[in-house]
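Chemist: For reference, the file final00.txt (compact mmCIF, C-alpha atoms) is included below:
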# COMPACT_ATOMS: atom_id res chain seq x y z
CA MET U 1 -23.86 -31.53 -23.94
CA SER U 2 -21.65 -33.69 -21.76
CA GLY U 3 -18.77 -31.33 -22.52
CA ASN U 4 -20.77 -28.36 -21.27
CA ILE U 5 -21.70 -30.23 -18.10
CA ALA U 6 -18.07 -31.15 -17.50
CA SER U 7 -17.06 -27.55 -18.07
CA LEU U 8 -19.69 -26.32 -15.63
CA ARG U 9 -18.58 -28.87 -13.05
CA LYS U 10 -14.99 -27.77 -13.50
CA GLU U 11 -15.94 -24.13 -13.11
CA PHE U 12 -18.08 -24.91 -10.06
CA PHE U 13 -15.19 -26.83 -8.53
CA GLN U 14 -12.90 -23.87 -9.22
CA LEU U 15 -15.37 -21.48 -7.60
CA LYS U 16 -15.33 -23.67 -4.49
CA LYS U 17 -11.55 -23.48 -4.58
CA ASP U 18 -11.76 -19.70 -4.91
CA LEU U 19 -14.12 -19.55 -1.94
CA LEU U 20 -11.85 -21.77 0.15
CA SER U 21 -8.80 -19.79 -0.93
CA SER U 22 -10.51 -16.50 -0.03
CA ILE U 23 -11.65 -17.76 3.38
CA LEU U 24 -8.19 -19.09 4.20
CA SER U 25 -6.52 -15.88 3.00
CA VAL U 26 -8.83 -13.67 5.04
CA GLY U 27 -8.41 -15.87 8.11
CA ILE U 28 -4.62 -16.00 7.88
CA SER U 29 -4.49 -12.25 7.27
CA LEU U 30 -6.60 -11.51 10.34
CA ILE U 31 -4.48 -13.84 12.49
CA LEU U 32 -1.23 -12.24 11.31
CA PHE U 33 -2.43 -8.63 11.30
CA PRO U 34 -1.53 -7.94 14.97
CA PHE U 35 1.97 -9.30 14.38
CA LEU U 36 2.36 -7.37 11.14
CA LEU U 37 1.58 -4.14 12.95
CA GLY U 38 3.53 -4.94 16.11
CA MET U 39 0.57 -4.71 18.48
CA GLU U 40 1.38 -7.96 20.28
CA ASN U 41 3.88 -6.19 22.53
CA SER U 42 1.44 -4.44 24.82
CA LEU U 43 2.24 -3.78 28.47
CA LYS U 44 -0.81 -5.85 29.41
CA GLY U 45 0.88 -9.05 28.29
CA PRO U 46 1.09 -10.85 24.93
CA ILE U 47 -2.11 -12.92 25.18
CA PHE U 48 -4.51 -10.14 26.14
CA SER U 49 -2.70 -7.73 23.85
CA TYR U 50 -3.03 -10.08 20.90
CA ILE U 51 -6.75 -10.65 21.50
CA GLU U 52 -7.40 -6.91 21.77
CA ALA U 53 -5.34 -6.20 18.66
CA PHE U 54 -7.03 -9.04 16.75
CA ILE U 55 -10.51 -7.70 17.52
CA MET U 56 -9.54 -4.12 16.73
CA TYR U 57 -7.87 -4.92 13.41
CA ALA U 58 -10.57 -7.43 12.44
CA ILE U 59 -13.22 -4.73 12.81
CA PHE U 60 -11.14 -2.30 10.77
CA SER U 61 -9.72 -4.59 8.09
CA LEU U 62 -12.41 -7.21 7.47
CA PRO U 63 -14.50 -4.97 5.16
CA TYR U 64 -11.39 -4.16 3.08
CA LEU U 65 -10.37 -7.81 2.89
CA ILE U 66 -13.83 -8.89 1.74
CA LEU U 67 -14.71 -5.97 -0.53
CA ILE U 68 -11.26 -5.46 -2.07
CA GLY U 69 -8.97 -8.39 -1.30
CA VAL U 70 -11.34 -11.18 -2.31
CA PRO U 71 -12.49 -9.62 -5.64
CA VAL U 72 -8.89 -8.84 -6.63
CA HIS U 73 -7.91 -12.39 -5.73
CA ILE U 74 -10.69 -13.91 -7.87
CA VAL U 75 -10.13 -11.52 -10.79
CA SER U 76 -6.42 -12.35 -10.86
CA ARG U 77 -7.25 -16.06 -11.04
CA VAL U 78 -9.78 -15.55 -13.83
CA ALA U 79 -7.42 -13.27 -15.76
CA THR U 80 -4.61 -15.83 -15.69
CA LYS U 81 -6.49 -19.13 -15.95
CA ASN U 82 -5.77 -19.61 -19.68
CA MET U 83 -2.16 -18.43 -19.55
CA LYS U 84 0.48 -21.03 -20.39
CA THR U 85 3.59 -19.08 -19.40
CA TYR U 86 4.28 -16.59 -16.62
CA LYS U 87 0.89 -17.41 -15.15
CA TRP U 88 1.94 -17.17 -11.52
CA VAL U 89 4.28 -14.25 -12.07
CA THR U 90 1.39 -12.35 -13.63
CA SER U 91 -0.90 -13.42 -10.80
CA PHE U 92 1.64 -12.17 -8.27
CA PHE U 93 1.72 -8.70 -9.81
CA LEU U 94 -2.06 -8.65 -10.21
CA HIS U 95 -2.25 -9.13 -6.44
CA VAL U 96 0.55 -6.77 -5.42
CA ILE U 97 -0.02 -3.78 -7.73
CA PRO U 98 -3.64 -3.15 -6.61
CA ALA U 99 -2.48 -3.57 -2.99
CA LEU U 100 0.20 -0.92 -3.55
CA LEU U 101 -2.25 1.48 -5.17
CA ILE U 102 -5.02 0.97 -2.63
CA GLY U 103 -2.56 0.97 0.27
CA TYR U 104 -1.00 4.20 -0.94
CA PHE U 105 -4.43 5.80 -1.31
CA LEU U 106 -5.46 4.74 2.21
CA PHE U 107 -2.15 5.03 4.08
CA LYS U 108 0.05 7.35 2.01
CA ASN U 109 1.20 9.13 5.18
CA THR U 110 2.15 5.86 6.90
CA LEU U 111 4.40 3.72 4.72
CA PHE U 112 4.53 0.95 7.34
CA PHE U 113 0.80 0.26 6.83
CA LEU U 114 1.41 0.30 3.08
CA GLY U 115 3.90 -2.53 3.56
CA SER U 116 1.30 -4.47 5.52
CA THR U 117 -1.22 -4.25 2.66
CA VAL U 118 1.40 -5.68 0.31
CA VAL U 119 2.09 -8.57 2.70
CA ILE U 120 -1.65 -9.30 2.88
CA SER U 121 -1.86 -9.35 -0.93
CA VAL U 122 1.04 -11.83 -1.04
CA ILE U 123 -0.82 -14.01 1.48
CA PHE U 124 -3.78 -14.14 -0.94
CA PHE U 125 -1.41 -14.96 -3.79
CA SER U 126 0.41 -17.69 -1.84
CA VAL U 127 -2.77 -19.39 -0.69
CA GLY U 128 -4.15 -19.32 -4.24
CA TYR U 129 -0.91 -20.76 -5.59
CA LEU U 130 -0.80 -23.59 -3.06
CA LEU U 131 -4.41 -24.57 -3.78
CA ASN U 132 -4.31 -24.23 -7.57
CA SER U 133 -0.78 -24.99 -8.71
CA ILE U 134 -0.46 -28.33 -10.48
CA GLY U 135 2.88 -30.03 -10.82
CA ALA U 136 4.73 -27.62 -8.54
CA SER U 137 7.57 -29.18 -6.57
CA LYS U 138 7.65 -29.26 -2.77
CA ARG U 139 10.50 -26.77 -2.86
CA GLN U 140 8.48 -24.32 -4.95
CA LYS U 141 5.48 -24.68 -2.65
CA LEU U 142 7.67 -24.12 0.41
CA ILE U 143 9.15 -20.95 -1.08
CA ILE U 144 5.71 -19.61 -1.99
CA ALA U 145 4.38 -20.49 1.48
CA LEU U 146 7.25 -18.60 3.10
CA LEU U 147 7.05 -15.65 0.70
CA PRO U 148 4.74 -13.48 2.90
CA PHE U 149 7.00 -14.03 5.91
CA ILE U 150 10.14 -13.23 3.91
CA LEU U 151 8.53 -10.04 2.63
CA TRP U 152 7.38 -9.15 6.14
CA LEU U 153 10.92 -9.56 7.49
CA LEU U 154 12.28 -7.35 4.70
CA ILE U 155 9.75 -4.67 5.59
CA LEU U 156 10.63 -4.99 9.28
CA ILE U 157 14.37 -4.47 8.75
CA PRO U 158 14.17 -0.62 8.75
CA THR U 159 11.91 -0.74 11.82
CA ILE U 160 14.28 -3.08 13.65
CA LEU U 161 17.26 -0.87 12.79
CA THR U 162 15.37 2.24 13.91
CA GLU U 163 14.33 0.64 17.20
CA THR U 164 17.90 -0.50 17.83
CA THR U 165 19.18 3.01 17.16
CA ASN U 166 16.48 4.56 19.34
CA LYS U 167 17.29 2.20 22.20
CA ALA U 168 20.97 3.13 21.97
CA LEU U 169 20.07 6.83 21.99
CA MET U 170 17.80 6.36 25.00
CA ASN U 171 20.69 4.79 26.91
CA GLU U 172 23.21 7.38 25.77
CA PRO U 173 24.40 9.47 28.75
CA ASN U 174 23.72 13.18 28.73
CA PRO U 175 26.72 15.42 28.10
CA GLU U 176 28.12 17.82 30.66
CA VAL U 177 27.41 21.45 29.79
CA GLU U 178 29.87 24.27 30.36
CA VAL U 179 29.23 27.88 29.39
CA LEU U 180 31.94 30.48 28.92
CA VAL U 181 30.59 34.01 29.33
CA ASN U 182 33.35 36.45 28.37
CA GLU U 183 35.73 33.57 29.21
CA THR U 184 34.17 33.14 32.66
CA SER U 185 33.17 29.52 33.22
CA PHE U 186 29.64 28.76 34.33
CA LYS U 187 28.02 25.36 34.94
CA PRO U 188 24.27 25.54 34.25
CA ARG U 189 21.67 23.00 35.26
CA PRO U 190 20.46 21.64 31.91
CA SER U 191 17.42 19.53 31.24
CA PHE U 192 17.51 17.08 28.33
CA CYS U 193 14.74 15.69 26.19
CA TRP U 194 14.64 13.19 23.36
CA ASN U 195 12.03 11.03 21.67
CA SER U 196 11.93 8.85 18.58
CA ASP U 197 10.03 11.47 16.59
CA GLY U 198 13.05 13.73 16.21
CA SER U 199 12.30 15.23 19.64
CA ALA U 200 9.13 16.73 18.18
CA GLY U 201 7.35 15.80 21.40
CA CYS U 202 9.78 17.74 23.58
CA PHE U 203 8.29 20.78 25.24
CA GLU U 204 10.37 23.84 24.40
CA ASP U 205 10.24 26.81 26.73
CA LYS U 206 11.89 29.59 24.73
CA GLU U 207 11.22 32.42 27.15
CA PRO U 208 13.95 34.12 29.17
CA PHE U 209 13.05 35.91 32.40
CA LEU U 210 14.19 39.09 34.10
CA LEU U 211 16.28 38.64 37.22
CA PRO U 212 14.97 39.87 40.56
CA ILE U 213 17.02 42.24 42.67
CA ASP U 214 18.10 39.48 45.04
CA PRO U 215 20.57 36.87 43.74
CA ILE U 216 19.11 33.57 42.57
CA GLY U 217 22.29 31.55 42.96
CA GLU U 218 25.36 31.51 40.77
CA GLU U 219 25.23 34.44 38.36
CA ILE U 220 27.51 36.01 35.76
CA GLN U 221 28.63 39.60 36.35
CA THR U 222 29.53 41.40 33.14
CA ASN U 223 29.37 44.68 31.23
CA GLY U 224 29.62 45.64 27.60
CA ASP U 225 29.14 42.98 24.94
CA VAL U 226 28.36 39.52 26.24
CA THR U 227 30.09 36.72 24.35
CA VAL U 228 28.79 33.27 25.18
CA LYS U 229 30.31 29.95 24.19
CA VAL U 230 28.52 26.68 24.92
CA LEU U 231 30.58 23.51 25.34
CA LEU U 232 29.18 19.98 25.55
CA HIS U 233 31.67 17.66 27.20
CA ASN U 234 31.77 13.84 27.20
CA THR U 235 30.15 13.55 23.79
CA GLU U 236 31.39 13.34 20.23
CA ARG U 237 28.11 14.51 18.74
CA SER U 238 27.83 17.75 16.85
CA TYR U 239 25.33 20.30 18.05
CA THR U 240 23.79 23.66 17.28
CA ILE U 241 22.93 26.52 19.62
CA GLU U 242 20.10 29.01 19.80
CA ALA U 243 19.44 31.54 22.54
CA TYR U 244 16.55 33.80 23.51
CA TYR U 245 16.83 37.10 25.39
CA PHE U 246 14.93 40.32 26.10
CA ASP U 247 16.00 43.37 24.14
CA GLU U 248 15.70 46.95 25.38
CA GLU U 249 12.00 46.99 24.48
CA ASN U 250 11.30 43.77 26.39
CA SER U 251 10.75 41.85 23.16
CA ILE U 252 12.13 38.33 22.94
CA GLN U 253 14.91 38.04 20.38
CA LYS U 254 16.56 34.92 19.00
CA VAL U 255 20.25 34.53 18.28
CA THR U 256 21.85 31.49 16.65
CA GLY U 257 25.26 30.12 17.56
CA ASP U 258 28.10 30.29 15.05
CA PRO U 259 28.51 27.42 15.58
CA HIS U 260 28.65 27.25 19.39
CA SER U 261 29.16 30.91 20.28
CA PHE U 262 26.90 33.93 20.18
CA THR U 263 27.11 37.56 21.26
CA LEU U 264 24.46 39.51 23.12
CA PRO U 265 24.21 43.29 22.67
CA GLN U 266 25.56 45.76 25.21
CA HIS U 267 23.49 46.94 28.14
CA ILE U 268 20.86 44.21 27.97
CA GLN U 269 18.69 44.02 31.03
CA GLU U 270 19.66 41.73 33.85
CA GLN U 271 18.05 38.48 32.84
CA ALA U 272 18.29 34.73 32.56
CA VAL U 273 18.99 34.01 28.90
CA LYS U 274 17.39 30.81 27.63
CA VAL U 275 19.71 28.55 25.61
CA ILE U 276 18.75 25.42 23.66
CA ALA U 277 21.40 23.03 22.36
CA THR U 278 20.25 20.53 19.73
CA MET U 279 22.51 17.54 19.10
CA ASP U 280 22.75 15.63 15.82
CA SER U 281 20.77 12.82 17.47
CA SER U 282 17.92 15.39 17.86
CA LYS U 283 18.35 15.31 21.65
CA LYS U 284 17.74 18.76 23.08
CA GLY U 285 19.34 20.31 26.13
CA SER U 286 18.02 23.57 27.55
CA PHE U 287 19.21 25.81 30.36
CA PHE U 288 19.34 29.40 31.61
CA ILE U 289 22.33 31.72 31.92
CA PRO U 290 21.69 34.39 34.60
CA ILE U 291 23.53 37.55 33.56
CA ARG U 292 24.01 40.64 35.74
CA THR U 293 24.84 43.77 33.75
CA GLY U 294 23.81 46.52 36.19
CA ASN U 295 21.05 47.53 33.80
CA ARG U 296 17.64 47.16 35.39
Re-express the file's structure as structure tokens.
Modeler:
Amino acid sequence: MSGNIASLRKEFFQLKKDLLSSILSVGISLILFPFLLGMENSLKGPIFSYIEAFIMYAIFSLPYLILIGVPVHIVSRVATKNMKTYKWVTSFFLHVIPALLIGYFLFKNTLFFLGSTVVISVIFFSVGYLLNSIGASKRQKLIIALLPFILWLLILIPTILTETTNKALMNEPNPEVEVLVNETSFKPRPSFCWNSDGSAGCFEDKEPFLLPIDPIGEEIQTNGDVTVKVLLHNTERSYTIEAYYFDEENSIQKVTGDPHSFTLPQHIQEQAVKVIATMDSSKKGSFFIPIRTGNR
């Protein structure tokens, strides 16, 4: 009888530990969530940004932490309580594997959020270890306490490298553009666009336009085939060329550079041909080449 009472007391004490461990894990996770997701760097300032991010992520993540994180945390403790060897290694994987699966199911299109779910699972594991490990050295406890932060830094490395690269690309000067039309040099007025999403956010106007009778500035006078070569000066980056022009039926046609030159057919209408140069950094430069052929 006394043995059963002692066992119940021990189990009750462990449940209180589980409750404390869960509360601490949820609290630490909510506090660190804005930093994990980088929302502390708002233009409004770090304090107000952090508070806003904390509230937003708490509303979103608290149900998942309570309904998924806490049960997984308790189940992993129960599943490993009688293990003599590899107890904490098993507990670690019992925390991380469900986080990977659930994170992939919820955020499979955003791997950065998947990494955050793994970090949160390691926070649950670390808190449980620090509260329940018996006989662990101070060094072991320190390593386990730092484990979520070490993992977070490892996940951040690609982001840091990408941001560094993006910053360098943003500060990279635009090249000078020269166009040779049948060996006649022409200096267009290009506009450049780049963003960190592979320039996917750049607006691309791919439409040429017919020239009016009156001159519009510097123009290229030519007849017969029109051979165009696009040169980007003051840059070592490789680039590709595509151009758009009106054919005889006023339909827009596309021609691709080979690699930096292209030929337009004879007797095209007088028009401003639209050219887009895409560099290997994904930066795009676009400009018009006004060509006079005598064909109106």
Chemist: Of the candidates U:Pro175, U:Phe288, U:Thr263, U:Thr293, which one gets nearest to Thr235 (chain U) if we count all atoms listed in the file?
Modeler: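 Closest to Thr235 (chain U) of all the choices is U:Pro175.
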Chemist: Considering all atoms listed in the file, state which residue in the set U:Leu36, U:Leu62, U:Leu264, U:Cys193 is at the smallest distance from Val226 (chain U).
Modeler: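 Result for the nearest residue to Val226 (chain U): U:Leu264.
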Chemist: Would you work out the distance separating CA of Val273 (chain U) from CA of Glu172 (chain U), expressed in Å to one decimal?
Modeler: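 If I compute the distance from CA of Val273 (chain U) to CA of Glu172 (chain U), I get 27.1 Å.
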Chemist: Kindly indicate which residue among U:Ala168, U:Ile74, U:Val275, U:Met83 lies nearest to Asp205 (chain U), using only C-alpha atoms for the distances.
Modeler: U:Val275
Chemist: Would you work out the distance separating CA of Glu248 (chain U) from CA of Ile268 (chain U), expressed in Å to one decimal?
Modeler: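 CA of Ile268 (chain U) lies 6.4 Å from CA of Glu248 (chain U).
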Chemist: Mind checking which residues fall within 12 Å of Met56 (chain U), counting all atoms listed in the file, ignoring those fewer than 5 positions away in the same chain, and posting them as an NGL selection string?
Modeler: :U and (30-31 or 33-34 or 37 or 39 or 49-51 or 61-62)
Chemist: List the neighbours of His73 (chain U) out to 9 Å using all atoms listed in the file; skip same-chain residues closer than 6 positions along the sequence, and give me the result as a VMD selection string.
Modeler: chain U and resid 18 21 to 22 91 94 to 95 121 124 to 125 128
Chemist: I'd like the neighbourhood of Pro259 (chain U) as a list in words, where a residue qualifies if any of its atoms comes within 9 Å (using all atoms listed in the file), though same-chain residues fewer than 4 positions away should be ignored.
Modeler: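 Near Pro259 (chain U), the qualifying residues are Tyr239, Thr240 and Ile241 of chain U.
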Chemist: Write out as an mmCIF file with C-alpha atoms, in the coordinates of the input which residues come within 12 Å of region 152-154 of chain U when counting only C-alpha atoms, dropping same-chain ones fewer than 6 positions away.
Modeler:
data_model
loop_
_atom_site.group_PDB
_atom_site.id
_atom_site.type_symbol
_atom_site.label_atom_id
_atom_site.label_comp_id
_atom_site.auth_asym_id
_atom_site.auth_seq_id
_atom_site.Cartn_x
_atom_site.Cartn_y
_atom_site.Cartn_z
ATOM 1 C CA LEU U 32 -1.230 -12.240 11.310
ATOM 2 C CA PHE U 33 -2.430 -8.630 11.300
ATOM 3 C CA PHE U 35 1.970 -9.300 14.380
ATOM 4 C CA LEU U 36 2.360 -7.370 11.140
ATOM 5 C CA LEU U 37 1.580 -4.140 12.950
ATOM 6 C CA GLY U 38 3.530 -4.940 16.110
ATOM 7 C CA PHE U 112 4.530 0.950 7.340
ATOM 8 C CA PHE U 113 0.800 0.260 6.830
ATOM 9 C CA LEU U 114 1.410 0.300 3.080
ATOM 10 C CA GLY U 115 3.900 -2.530 3.560
ATOM 11 C CA SER U 116 1.300 -4.470 5.520
ATOM 12 C CA THR U 117 -1.220 -4.250 2.660
ATOM 13 C CA VAL U 118 1.400 -5.680 0.310
ATOM 14 C CA VAL U 119 2.090 -8.570 2.700
ATOM 15 C CA ILE U 120 -1.650 -9.300 2.880
ATOM 16 C CA SER U 121 -1.860 -9.350 -0.930
ATOM 17 C CA VAL U 122 1.040 -11.830 -1.040
ATOM 18 C CA ILE U 123 -0.820 -14.010 1.480
ATOM 19 C CA LEU U 146 7.250 -18.600 3.100
ATOM 20 C CA ILE U 160 14.280 -3.080 13.650
ATOM 21 C CA LEU U 161 17.260 -0.870 12.790
#
Chemist: Point out the residue among U:Thr164, U:Ala145, U:Pro63, U:Val228 with the least atom-to-atom distance to Leu131 (chain U), counting only C-alpha atoms.
Modeler: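 Among U:Thr164, U:Ala145, U:Pro63, U:Val228, it is U:Ala145 that comes nearest to Leu131 (chain U).
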Chemist: Would you mind telling me which residue in U:Ile68, U:Ala243, U:Ile55, U:Leu232 lies nearest to Pro173 (chain U) when using only C-alpha atoms?
Modeler: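 The closest residue to Pro173 (chain U) is U:Leu232.
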Chemist: Return the padded bounding box of region 166-179 of chain U as lines of an AutoDock Vina configuration file: axis-aligned, built from all atoms listed in the file, 3 Å added on each side, with centre and edge lengths in Å to one decimal.
Modeler:
center_x = 23.2
center_y = 15.0
center_z = 25.0
size_x = 19.4
size_y = 31.7
size_z = 17.3
Chemist: Set the distance at 7 Å and use all atoms listed in the file: which residues neighbour Trp194 (chain U) once local chain neighbours fewer than 3 positions away are removed? I'd like the list as a PyMOL selection string.
Modeler: chain U and resi 199+202+282-284
Chemist: Just the selected residues (C-alpha atoms), exported as a PDB file, in the coordinates of the input, please.
Modeler:
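Contents of again.pdb, freshly written:
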ATOM      1  CA  SER U 199      12.300  15.230  19.640  1.00  0.00           C
ATOM      2  CA  CYS U 202       9.780  17.740  23.580  1.00  0.00           C
ATOM      3  CA  SER U 282      17.920  15.390  17.860  1.00  0.00           C
ATOM      4  CA  LYS U 283      18.350  15.310  21.650  1.00  0.00           C
ATOM      5  CA  LYS U 284      17.740  18.760  23.080  1.00  0.00           C
TER       6      LYS U 284
END
Chemist: Nearest to Leu147 (chain U): which of U:Ile5, U:Ile276, U:Ile216, U:Leu130 is it, counting all atoms listed in the file?
Modeler: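 Comparing U:Ile5, U:Ile276, U:Ile216, U:Leu130 against Leu147 (chain U), the winner is U:Leu130.
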